[in-house]
Each structure stands twice: as C-alpha cells, then as structure tokens.
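Asks: Before I ask anything, here is the structure I am working with.
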Amino acid sequence: MDTIASFFSFITTPVSWIIVQFHSLYGAVFGESSGWAWGLSIVSLVILIRICLIPLFVKQIKATRAMQTLQPEMKKIQERYKNDKQRQSEEMMKLYKESGTNPLSSCLPILAQSPFFFALYHVLNSIAQGKTIGVLNQDLVDSAREAHIFGAPLASKFTDSAEAIQQLSANVTDVRVVTVIMIVLMSLSQFFTQRQLMTKNVDTTVKTPFMQQQKMLMYVFPIIFAVFGINFPVGVLVYWLTTNVWTMGQQMYVIHNNPTPGSKAQASYLERLSKKVEHKGAVSGRGRRAIVKAIVAKGRDRNPAERKFINGLNKMGLAAQPDGTVVKSEKLAADQSQDGDSGHAGAAKRQQPKRQTKSQRQGAVKSDAESAEENGEPQAGKPQGGKPQGGATKAGGPGNGGRSRAQSGRKGPQQRSKSSSKK
C-alpha cells in the first residue's frame, strides 16, 4: 500500500494544502485541535472533489445507458462468435466505435478519485507516524494527531495495537467501536446505492448478462469495503463514507429526474410528468422537454410506459412535438370547429338510436292498422267490406301480404297464392 500511495505522492501537496485551508476555517470555530475541525476539513475535501467530478459523472451516466442499450447486440455477437474470441473482440470494438460508446467511461469517476484517495491515505498515515508531509508542518501534524472523532483519533485503525492507540491518546474500545460503525455505514450506503440502481433504474425489458453482473456487484462491493475498511485510518473512513453518501444522493437525484428508459423509475417519472402537463398544459424545463423529445423521436420503438404517456397526452387533447413541447391536438380542434362545442361533440357522435321493445313494436303495428282503417284502406287478410278472404287469409296473397308487410314495417318471406287453375 505504501508503494501505491508513494506513486500518487505528486498530489499529496495539493491535498494537504486543501485540508489546511479548510482547517483554518473550521479551526476558528471549533478549535485548532478539535476533531470536528479536522473531520469537517476532510468532508469538505470530498465535496470539493465530487463537485469537480460532476462532468465525469454525467459521462458515466451516458456511458452506462449506452452500454445497456447495446446489450442485445453484444449478446448476439457473443452467440455468433462464441468459438472465435478474436473475431468476437473485433466485432465488439466495431460496435463500440459505431455507437460512440466507451466501456471505460462508466469507471471514470472512480478512476479520477483514486489519486485523491491514496494521497489522503498517505497524508493520514504520515500524521499517525508524526511525520510532516506536503504543507503540513510539525505543529499541524501534532494538532491532527490530537484530533478525535467520537473518541477515535483520525490516524488510528481497527487493526492498530493497544500500544499504538495509546500513543494517540485513545483506547482500543473507542477506536474499534467507531471504526466498526463507520465500516457498517460505508458498506450499507454502497449496498443501498447499488440496489437502488438495480431495482429502479435498469431497463426491465432487456434481460442480459450485464444485469446479472450488476446484481453480483451489489453484494460484492459491500464485502470488499468491509474487508479493506479495517485497514483504513478513521480519517479515510470519513472520506469514503462521505463520498458514498454523496454518490447515493446524486444517484437518487438522477433516478428521480432523468431515469433510464424502460425502467420502473421512468414509469413513475412519466406518470408525474403527465400530471404536471395536465395541470399546466405545457412541458416546463429543459430537462423535461429533452425527455419528451427523445420519446417522440423513438416512434414505434417506444416502451409501454412511453406509449402510455403519449396516449395520456392524446386523451387530454394534447400532442407531443419533436422539440419536446406539447400543443393542442389539431384533430381535436377540427372536431370542435365542426360540432361547435367540444363537450357535446363526443356525446353527439356516440348517440345511437334506442332499440324498441317488443310491446312498442306491436303498438306501432296496431296504430298503423287503425290509421289504415280510418283512411279506408283495406287491411291485410280483410276485404273492404270487412269479411275476411279465405284464400288471402290462409295463403296471404301477394298484394295484400305486401301491403300488410309495408304497414307493419316487417319483412318476411313471401308466400305464393294458390293458382285458380289448379282448383
């Protein structure tokens, strides 16, 4: 570890200078030898580094999503060239080049933090040994050695012997209790961050080996932190716990405002966005418009949550535009201009004639027969004199039968009258 830390010694001077500047600020409030002054200096160092790494974090998000999008194609290449590893690697590199994706981009924030992490470790290790380093003179080193966080010196470790801990004016119980609590919190924050990513911000429509790897890392990383954490000084544990909490909060913000397409987080986000659009009648914010723009550009390739969002806009009489905005649907406007009232337009189109009941149809036939009698027209099966015609009654002649059907409004098969030549 000393060899690796010495390799990053070129950055120990900037790191020690940053810590000293923050210590001068917090020391005026809490005291120069206070554990809060030195602890908050380390926390402020983490925050400053993470703010500078935000552009790399954005690249990491884009690279991770691009890799998730390429997983189906990567799986096809692996199956097609499973017996030719060289051709498989060539096709993978070709796929990365065509899509403009770099697999190492997802590791950029961690790689960028590594020099600061090892430099801080080297600074704290020198403090524990009472040696000056960077811009830390002997007075500052002695002040840092006396600083305690909940009874544990910043330079102490879980594996330190009782004699080494006593030299730092502390006891073994306090050091080990504080380090164990910090290691547990550090591992839990790492586990929660990874679990949040897997359960909420992963495209559930694509099942690939990448997802299995992420699930495995969800359990492996906390174990790694727990194993190596017992060899970290308390100050490094403060650094790593702070950066884990920052990562967790940063990821929560990204999942809430810019979720991965096809994930559960996207479905929740689009549901919230639909309610806001219904309330305001517009898409506000550049980020929201960018998401709507991407959904419109997909066309038929939209996932179920995106189709539900577009259909919801249509039901509200709105249409999403290629630039991410929403406007009033032209189709609905045309319906309103034709019918005059949008509230009655849909109702008028849906109105259907009511079906008559059997008693109503029989009453209509009876009324038709009565009106025919009043007008002096012969009814079906009856002569004008009122006596029934036997032949017509039995067979229903073509003339009378046709009039009866016309008056009753019914249609039925016509019956032929008996020919008089056969009598």
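Chain lettering (A, B, ...) mirrors the order of the structure tokens, residue numbering begins at 1 for each chain separately, and ligand numbering begins at 1 in order of display.
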Distance table requested - range 171-275 of chain A against range 117-137 of chain A, cut-off 10 Å, only C-alpha atoms: one row per qualifying residue with the closest atom pair and its distance in Å to one decimal, ordered by chain and rising residue number, as a Markdown table.

Replies:
| residue | atom | partner | partner_atom | distance |
| --- | --- | --- | --- | --- |
| A:Phe232 | CA | A:Tyr121 | CA | 7.8 |
| A:Pro233 | CA | A:Leu124 | CA | 7.2 |
| A:Val234 | CA | A:Leu124 | CA | 8.9 |
| A:Gly235 | CA | A:Leu124 | CA | 6.9 |
| A:Val236 | CA | A:Tyr121 | CA | 6.2 |
| A:Leu237 | CA | A:Tyr121 | CA | 9.8 |
| A:Tyr239 | CA | A:Phe117 | CA | 8.1 |
| A:Trp240 | CA | A:Phe117 | CA | 8.4 |

Asks: Could you pull the residues within 12 Å of range 192-197 of chain A, counting only C-alpha atoms, minus those fewer than 4 positions along the same chain, as a ChimeraX atom specification?

Replies: /A:61,64-65,185-188,201-204,211,213-222,243-256,259-260,263-265

Asks: Need to verify the contact set: Ile149 in chain A, 12 Å, only C-alpha atoms, exclusion of same-chain residues closer than 4 positions in sequence. Can you return it as a PyMOL selection string?

Replies: chain A and resi 33-40+144-145+153-156+170+174-175+177-179+182+233-235+237-238

Asks: Write out as a VMD selection string each polymer residue whose atoms come within 12 Å of range 287-299 of chain A, counting only C-alpha atoms; drop sequence neighbours fewer than 3 positions from it.

Replies: chain A and resid 254 256 to 262 266 269 to 270 272 to 274 276 to 277 282 to 284 302 to 311 313 319 to 326

Asks: Write out as a list in words the residues lying within 10 Å of Gln78 in chain A, counting only C-alpha atoms and excluding same-chain residues fewer than 3 positions away.

Replies: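 Everything that qualifies: Pro72, Glu73, Met74, Lys75, Tyr81, Lys82, Asn83, Asp84, Lys85, Arg87, Gln88, Ser89, Glu91 and Met92 of chain A.
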
Asks: Would you mind exporting N, CA and C atoms of the selected residues as a PDB file, in the first residue's frame?

Replies:
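What landed in out27.pdb:
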ATOM      1  N   PRO A  72     -28.313  -6.076 -26.088  1.00  0.00           N
ATOM      2  CA  PRO A  72     -28.849  -7.089 -27.015  1.00  0.00           C
ATOM      3  C   PRO A  72     -27.906  -7.366 -28.181  1.00  0.00           C
ATOM      4  N   GLU A  73     -27.299  -6.312 -28.756  1.00  0.00           N
ATOM      5  CA  GLU A  73     -26.371  -6.506 -29.872  1.00  0.00           C
ATOM      6  C   GLU A  73     -25.103  -7.225 -29.404  1.00  0.00           C
ATOM      7  N   MET A  74     -24.637  -6.900 -28.222  1.00  0.00           N
ATOM      8  CA  MET A  74     -23.453  -7.565 -27.693  1.00  0.00           C
ATOM      9  C   MET A  74     -23.722  -9.054 -27.461  1.00  0.00           C
ATOM     10  N   LYS A  75     -24.921  -9.364 -26.998  1.00  0.00           N
ATOM     11  CA  LYS A  75     -25.272 -10.759 -26.766  1.00  0.00           C
ATOM     12  C   LYS A  75     -25.324 -11.533 -28.081  1.00  0.00           C
ATOM     13  N   TYR A  81     -20.143 -15.518 -32.411  1.00  0.00           N
ATOM     14  CA  TYR A  81     -18.715 -15.820 -32.480  1.00  0.00           C
ATOM     15  C   TYR A  81     -18.228 -16.406 -31.150  1.00  0.00           C
ATOM     16  N   LYS A  82     -19.013 -17.284 -30.572  1.00  0.00           N
ATOM     17  CA  LYS A  82     -18.634 -17.832 -29.267  1.00  0.00           C
ATOM     18  C   LYS A  82     -17.400 -18.730 -29.342  1.00  0.00           C
ATOM     19  N   ASN A  83     -17.092 -19.254 -30.540  1.00  0.00           N
ATOM     20  CA  ASN A  83     -15.914 -20.099 -30.696  1.00  0.00           C
ATOM     21  C   ASN A  83     -14.715 -19.351 -31.264  1.00  0.00           C
ATOM     22  N   ASP A  84     -14.877 -18.074 -31.550  1.00  0.00           N
ATOM     23  CA  ASP A  84     -13.798 -17.267 -32.111  1.00  0.00           C
ATOM     24  C   ASP A  84     -13.659 -16.000 -31.266  1.00  0.00           C
ATOM     25  N   LYS A  85     -12.826 -16.043 -30.235  1.00  0.00           N
ATOM     26  CA  LYS A  85     -12.689 -14.925 -29.315  1.00  0.00           C
ATOM     27  C   LYS A  85     -12.099 -13.688 -29.986  1.00  0.00           C
ATOM     28  N   ARG A  87     -12.391 -12.752 -33.223  1.00  0.00           N
ATOM     29  CA  ARG A  87     -13.430 -12.122 -34.044  1.00  0.00           C
ATOM     30  C   ARG A  87     -14.491 -11.474 -33.161  1.00  0.00           C
ATOM     31  N   GLN A  88     -14.760 -12.088 -32.016  1.00  0.00           N
ATOM     32  CA  GLN A  88     -15.731 -11.520 -31.083  1.00  0.00           C
ATOM     33  C   GLN A  88     -15.253 -10.171 -30.572  1.00  0.00           C
ATOM     34  N   SER A  89     -13.964 -10.077 -30.216  1.00  0.00           N
ATOM     35  CA  SER A  89     -13.403  -8.811 -29.734  1.00  0.00           C
ATOM     36  C   SER A  89     -13.414  -7.749 -30.824  1.00  0.00           C
ATOM     37  N   GLU A  91     -15.517  -7.516 -33.370  1.00  0.00           N
ATOM     38  CA  GLU A  91     -16.896  -7.067 -33.592  1.00  0.00           C
ATOM     39  C   GLU A  91     -17.372  -6.184 -32.450  1.00  0.00           C
ATOM     40  N   MET A  92     -16.922  -6.478 -31.223  1.00  0.00           N
ATOM     41  CA  MET A  92     -17.284  -5.645 -30.077  1.00  0.00           C
ATOM     42  C   MET A  92     -16.692  -4.245 -30.233  1.00  0.00           C
TER      43      MET A  92
END

Asks: Among range 222-285 of chain A, which ones does DSSP place in alpha helix (DSSP H), written as an MDAnalysis selection string?

Replies: chainID A and resid 222:229 234:257 264:280

Asks: If I take CA of Leu140 in chain A and CA of His23 in chain A, how far is one from the other in Å, to one decimal?

Replies: 9.7 Å

Asks: Work out how far CA of Leu53 in chain A is from CA of Ala112 in chain A, in Å to one decimal.

Replies: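 That distance, rounded to one decimal, is 7.8 Å.
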
Asks: Which residue, A:Phe191, A:Phe228, A:Phe116, A:Tyr96, has the smallest gap to Thr159 in chain A when you use only C-alpha atoms?

Replies: A:Phe228

Asks: What is the CA of Arg176 in chain A to CA of Leu25 in chain A distance in Å?

Replies: 29.6 Å
